[in-house]
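See below for structure-v2.pdb, which holds PDB, C-alpha atoms, pLDDT in the B column.
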MODEL        1
ATOM      1  CA  MET F   1      -0.466 139.410 155.634  1.00 51.00           C
ATOM      2  CA  SER F   2       0.135 135.818 154.760  1.00 56.00           C
ATOM      3  CA  LYS F   3       1.971 134.917 151.590  1.00 78.00           C
ATOM      4  CA  LYS F   4      -0.315 131.933 151.028  1.00 85.00           C
ATOM      5  CA  ARG F   5      -2.827 132.576 148.278  1.00 93.00           C
ATOM      6  CA  PHE F   6      -6.147 130.808 148.139  1.00 95.00           C
ATOM      7  CA  THR F   7      -7.050 128.727 145.119  1.00 96.00           C
ATOM      8  CA  GLU F   8     -10.413 129.124 143.408  1.00 96.00           C
ATOM      9  CA  ASP F   9     -11.666 125.958 145.153  1.00 96.00           C
ATOM     10  CA  GLU F  10     -10.479 127.192 148.559  1.00 96.00           C
ATOM     11  CA  ARG F  11     -12.143 130.591 148.013  1.00 96.00           C
ATOM     12  CA  GLU F  12     -15.378 128.893 147.028  1.00 96.00           C
ATOM     13  CA  LYS F  13     -15.282 126.620 150.084  1.00 95.00           C
ATOM     14  CA  LEU F  14     -14.497 129.520 152.438  1.00 96.00           C
ATOM     15  CA  SER F  15     -17.202 131.754 150.955  1.00 95.00           C
ATOM     16  CA  LYS F  16     -19.845 129.153 151.837  1.00 96.00           C
ATOM     17  CA  ASN F  17     -19.125 129.594 155.559  1.00 97.00           C
ATOM     18  CA  ARG F  18     -21.820 131.772 157.155  1.00 96.00           C
ATOM     19  CA  TYR F  19     -19.166 133.711 159.074  1.00 97.00           C
ATOM     20  CA  VAL F  20     -17.303 134.858 155.940  1.00 97.00           C
ATOM     21  CA  ILE F  21     -18.290 138.111 154.279  1.00 96.00           C
ATOM     22  CA  LYS F  22     -15.700 138.139 151.511  1.00 96.00           C
ATOM     23  CA  VAL F  23     -12.738 136.085 150.296  1.00 96.00           C
ATOM     24  CA  SER F  24     -10.042 137.182 147.895  1.00 95.00           C
ATOM     25  CA  ASP F  25      -7.007 135.231 146.805  1.00 93.00           C
ATOM     26  CA  LYS F  26      -5.089 136.821 149.724  1.00 94.00           C
ATOM     27  CA  ALA F  27      -7.566 137.663 152.487  1.00 94.00           C
ATOM     28  CA  ILE F  28     -10.700 136.669 154.355  1.00 95.00           C
ATOM     29  CA  THR F  29     -13.184 139.182 155.747  1.00 96.00           C
ATOM     30  CA  TYR F  30     -14.957 137.673 158.744  1.00 96.00           C
ATOM     31  CA  ALA F  31     -18.422 138.662 159.978  1.00 95.00           C
ATOM     32  CA  ASP F  32     -18.537 140.743 163.152  1.00 94.00           C
ATOM     33  CA  GLU F  33     -20.731 137.989 164.603  1.00 95.00           C
ATOM     34  CA  PHE F  34     -17.839 135.525 164.295  1.00 96.00           C
ATOM     35  CA  LYS F  35     -15.345 137.968 165.801  1.00 95.00           C
ATOM     36  CA  GLN F  36     -17.579 138.451 168.863  1.00 94.00           C
ATOM     37  CA  LEU F  37     -18.265 134.724 169.096  1.00 94.00           C
ATOM     38  CA  PHE F  38     -14.518 134.099 168.854  1.00 95.00           C
ATOM     39  CA  ILE F  39     -13.723 136.493 171.731  1.00 94.00           C
ATOM     40  CA  ASP F  40     -16.497 135.053 173.910  1.00 94.00           C
ATOM     41  CA  GLN F  41     -15.270 131.495 173.423  1.00 95.00           C
ATOM     42  CA  TYR F  42     -11.601 132.457 173.717  1.00 94.00           C
ATOM     43  CA  MET F  43     -12.346 134.007 177.117  1.00 92.00           C
ATOM     44  CA  THR F  44     -13.726 130.634 178.275  1.00 94.00           C
ATOM     45  CA  GLY F  45     -10.404 128.956 177.517  1.00 94.00           C
ATOM     46  CA  LYS F  46     -10.838 127.576 174.011  1.00 96.00           C
ATOM     47  CA  THR F  47      -7.891 127.839 171.638  1.00 96.00           C
ATOM     48  CA  PRO F  48      -8.128 129.816 168.384  1.00 96.00           C
ATOM     49  CA  ARG F  49      -7.816 126.580 166.413  1.00 96.00           C
ATOM     50  CA  GLU F  50     -10.677 124.945 168.341  1.00 96.00           C
ATOM     51  CA  ILE F  51     -12.918 127.948 167.769  1.00 97.00           C
ATOM     52  CA  PHE F  52     -12.229 128.192 164.041  1.00 97.00           C
ATOM     53  CA  GLU F  53     -12.704 124.450 163.511  1.00 97.00           C
ATOM     54  CA  ALA F  54     -15.900 124.350 165.598  1.00 97.00           C
ATOM     55  CA  HIS F  55     -17.389 126.967 163.297  1.00 97.00           C
ATOM     56  CA  GLY F  56     -16.682 125.208 160.038  1.00 96.00           C
ATOM     57  CA  PHE F  57     -13.279 126.542 159.074  1.00 97.00           C
ATOM     58  CA  ASP F  58     -10.610 124.215 157.709  1.00 95.00           C
ATOM     59  CA  VAL F  59      -7.491 125.464 159.479  1.00 95.00           C
ATOM     60  CA  THR F  60      -5.253 123.655 157.001  1.00 94.00           C
ATOM     61  CA  VAL F  61      -6.753 125.810 154.232  1.00 94.00           C
ATOM     62  CA  ILE F  62      -6.684 129.075 156.201  1.00 95.00           C
ATOM     63  CA  GLY F  63      -3.306 128.426 157.802  1.00 94.00           C
ATOM     64  CA  MET F  64      -2.465 128.623 161.496  1.00 94.00           C
ATOM     65  CA  LYS F  65      -0.537 131.854 161.033  1.00 94.00           C
ATOM     66  CA  ARG F  66      -3.665 133.565 159.699  1.00 94.00           C
ATOM     67  CA  VAL F  67      -5.750 132.108 162.552  1.00 96.00           C
ATOM     68  CA  GLU F  68      -3.261 133.321 165.170  1.00 95.00           C
ATOM     69  CA  GLN F  69      -2.948 136.781 163.602  1.00 94.00           C
ATOM     70  CA  SER F  70      -6.725 137.172 163.508  1.00 94.00           C
ATOM     71  CA  ALA F  71      -6.930 136.098 167.147  1.00 94.00           C
ATOM     72  CA  GLU F  72      -4.300 138.660 168.193  1.00 94.00           C
ATOM     73  CA  ARG F  73      -5.975 141.430 166.217  1.00 94.00           C
ATOM     74  CA  TRP F  74      -9.425 140.704 167.709  1.00 93.00           C
ATOM     75  CA  LYS F  75      -8.065 140.414 171.260  1.00 89.00           C
ATOM     76  CA  LYS F  76      -6.431 143.830 170.939  1.00 89.00           C
ATOM     77  CA  GLU F  77      -9.648 145.333 169.584  1.00 86.00           C
ATOM     78  CA  LYS F  78     -11.524 143.835 172.548  1.00 79.00           C
ATOM     79  CA  GLU F  79      -9.018 145.394 174.971  1.00 77.00           C
ATOM     80  CA  GLY F  80      -9.579 148.776 173.356  1.00 72.00           C
ATOM     81  CA  LEU F  81      -6.120 148.929 171.816  1.00 55.00           C
ATOM     82  CA  PRO F  82      -5.834 149.866 168.181  1.00 55.00           C
ATOM     83  CA  ALA F  83      -5.080 146.799 166.082  1.00 54.00           C
ATOM     84  CA  ILE F  84      -2.183 146.857 163.648  1.00 50.00           C
ATOM     85  CA  PRO F  85      -3.743 146.664 160.193  1.00 53.00           C
ATOM     86  CA  SER F  86      -3.132 143.551 158.133  1.00 50.00           C
ATOM     87  CA  GLY F  87       0.361 143.697 156.742  1.00 49.00           C
ATOM     88  CA  GLY F  88       1.683 145.483 159.807  1.00 47.00           C
ATOM     89  CA  ASP F  89       4.060 148.388 159.359  1.00 47.00           C
ATOM     90  CA  ARG F  90       6.914 146.664 157.584  1.00 44.00           C
ATOM     91  CA  GLY F  91       9.309 149.011 155.889  1.00 46.00           C
ATOM     92  CA  LYS F  92       8.224 152.200 157.646  1.00 49.00           C
ATOM     93  CA  LYS F  93      10.907 154.180 159.400  1.00 53.00           C
ATOM     94  CA  GLU F  94       8.698 156.291 161.678  1.00 56.00           C
ATOM     95  CA  PRO F  95       6.825 154.599 164.543  1.00 59.00           C
ATOM     96  CA  THR F  96       3.177 153.801 163.984  1.00 69.00           C
ATOM     97  CA  ALA F  97       0.500 155.328 166.186  1.00 71.00           C
ATOM     98  CA  TYR F  98      -0.002 151.897 167.746  1.00 68.00           C
ATOM     99  CA  LYS F  99       3.658 151.580 168.743  1.00 70.00           C
ATOM    100  CA  THR F 100       3.701 155.135 170.073  1.00 72.00           C
ATOM    101  CA  VAL F 101       0.659 154.478 172.277  1.00 73.00           C
ATOM    102  CA  ILE F 102       2.190 151.261 173.628  1.00 73.00           C
ATOM    103  CA  GLU F 103       5.545 152.921 174.318  1.00 73.00           C
ATOM    104  CA  GLN F 104       3.899 155.855 176.091  1.00 73.00           C
ATOM    105  CA  SER F 105       1.653 153.538 178.124  1.00 69.00           C
ATOM    106  CA  THR F 106       4.666 151.505 179.192  1.00 68.00           C
ATOM    107  CA  THR F 107       6.609 154.623 180.178  1.00 67.00           C
ATOM    108  CA  LEU F 108       3.637 155.954 182.134  1.00 62.00           C
ATOM    109  CA  SER F 109       3.184 152.622 183.929  1.00 60.00           C
ATOM    110  CA  VAL F 110       6.840 152.614 184.984  1.00 59.00           C
ATOM    111  CA  LEU F 111       6.642 156.190 186.229  1.00 60.00           C
ATOM    112  CA  LEU F 112       3.458 155.602 188.220  1.00 64.00           C
ATOM    113  CA  PHE F 113       4.480 152.345 189.843  1.00 57.00           C
TER     114      PHE F 113
ENDMDL
END

Same coordinates, now as structure tokens:
Amino acid sequence: MSKKRFTEDEREKLSKNRYVIKVSDKAITYADEFKQLFIDQYMTGKTPREIFEAHGFDVTVIGMKRVEQSAERWKKEKEGLPAIPSGGDRGKKEPTAYKTVIEQSTTLSVLLF
């Protein structure tokens, strides 16, 4: 999760976007409609920044890191892979289920090909 916190004005501005369900000082919850729209447009070759800006988001307020992390998370969900929850798995010693699945898939791919 990003360290940038939203100000009251930024939260108010973001909450007026039709594709935002909820905004806290640390996070934005996007509507499923926007996530699907994002994937559809991304598949046509548009960049994450272009998509966010075309749908009324101020990328300077959100931050490119947040935009890119959202894009990665939604692409993985689209591919059927479990997305790493916001905040990742920092500080955990044991592998997450996501990492285990990826490692096993990679091993299986090597063995089969």

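Between F:Val61 and the candidates F:Lys78, F:Lys99, F:Arg5, F:Lys22, the tightest atom-to-atom separation, counting only C-alpha atoms, involves F:Arg5.
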
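Going from atom CA of F:Ile102 over to atom CA of F:Ala71, you cover 18.8 Å.
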
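Coordinates place atom CA of F:Thr100 at a distance of 26.0 Å from atom CA of F:Val67.
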
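Residue nearest F:Lys13, chosen from F:Glu103, F:Asp58, F:Glu79, F:Glu72 and counting all atoms listed in the file: F:Asp58.
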
Taking the file above as input, evaluate the PyMOL selection byres ((chain F and resi 74) around 9) and report the hits as a PyMOL selection string.
chain F and resi 35-36+38-39+69-73+75-79+83

Evaluated on this file, the PyMOL selection byres ((chain F and resi 51) around 12) picks out some residues - which ones are they, written as a short mmCIF file (atom, residue, chain, number, x, y, z; two decimals) with C-alpha atoms, keeping the file's coordinate frame?
data_model
loop_
_atom_site.label_atom_id
_atom_site.label_comp_id
_atom_site.auth_asym_id
_atom_site.auth_seq_id
_atom_site.Cartn_x
_atom_site.Cartn_y
_atom_site.Cartn_z
CA PHE F 34 -17.84 135.52 164.30
CA LYS F 35 -15.34 137.97 165.80
CA GLN F 36 -17.58 138.45 168.86
CA LEU F 37 -18.26 134.72 169.10
CA PHE F 38 -14.52 134.10 168.85
CA ILE F 39 -13.72 136.49 171.73
CA ASP F 40 -16.50 135.05 173.91
CA GLN F 41 -15.27 131.50 173.42
CA TYR F 42 -11.60 132.46 173.72
CA MET F 43 -12.35 134.01 177.12
CA THR F 44 -13.73 130.63 178.28
CA GLY F 45 -10.40 128.96 177.52
CA LYS F 46 -10.84 127.58 174.01
CA THR F 47 -7.89 127.84 171.64
CA PRO F 48 -8.13 129.82 168.38
CA ARG F 49 -7.82 126.58 166.41
CA GLU F 50 -10.68 124.94 168.34
CA PHE F 52 -12.23 128.19 164.04
CA GLU F 53 -12.70 124.45 163.51
CA ALA F 54 -15.90 124.35 165.60
CA HIS F 55 -17.39 126.97 163.30
CA GLY F 56 -16.68 125.21 160.04
CA PHE F 57 -13.28 126.54 159.07
CA ASP F 58 -10.61 124.22 157.71
CA VAL F 59 -7.49 125.46 159.48
CA VAL F 67 -5.75 132.11 162.55
CA GLU F 68 -3.26 133.32 165.17
CA SER F 70 -6.72 137.17 163.51
CA ALA F 71 -6.93 136.10 167.15
#

Counting only C-alpha atoms, which residues come within 12 Å of (-7.3, 135.2, 144.3), with the point read in the file's coordinates, and could you list them as number ranges by chain?
F: 3-12, 22-28
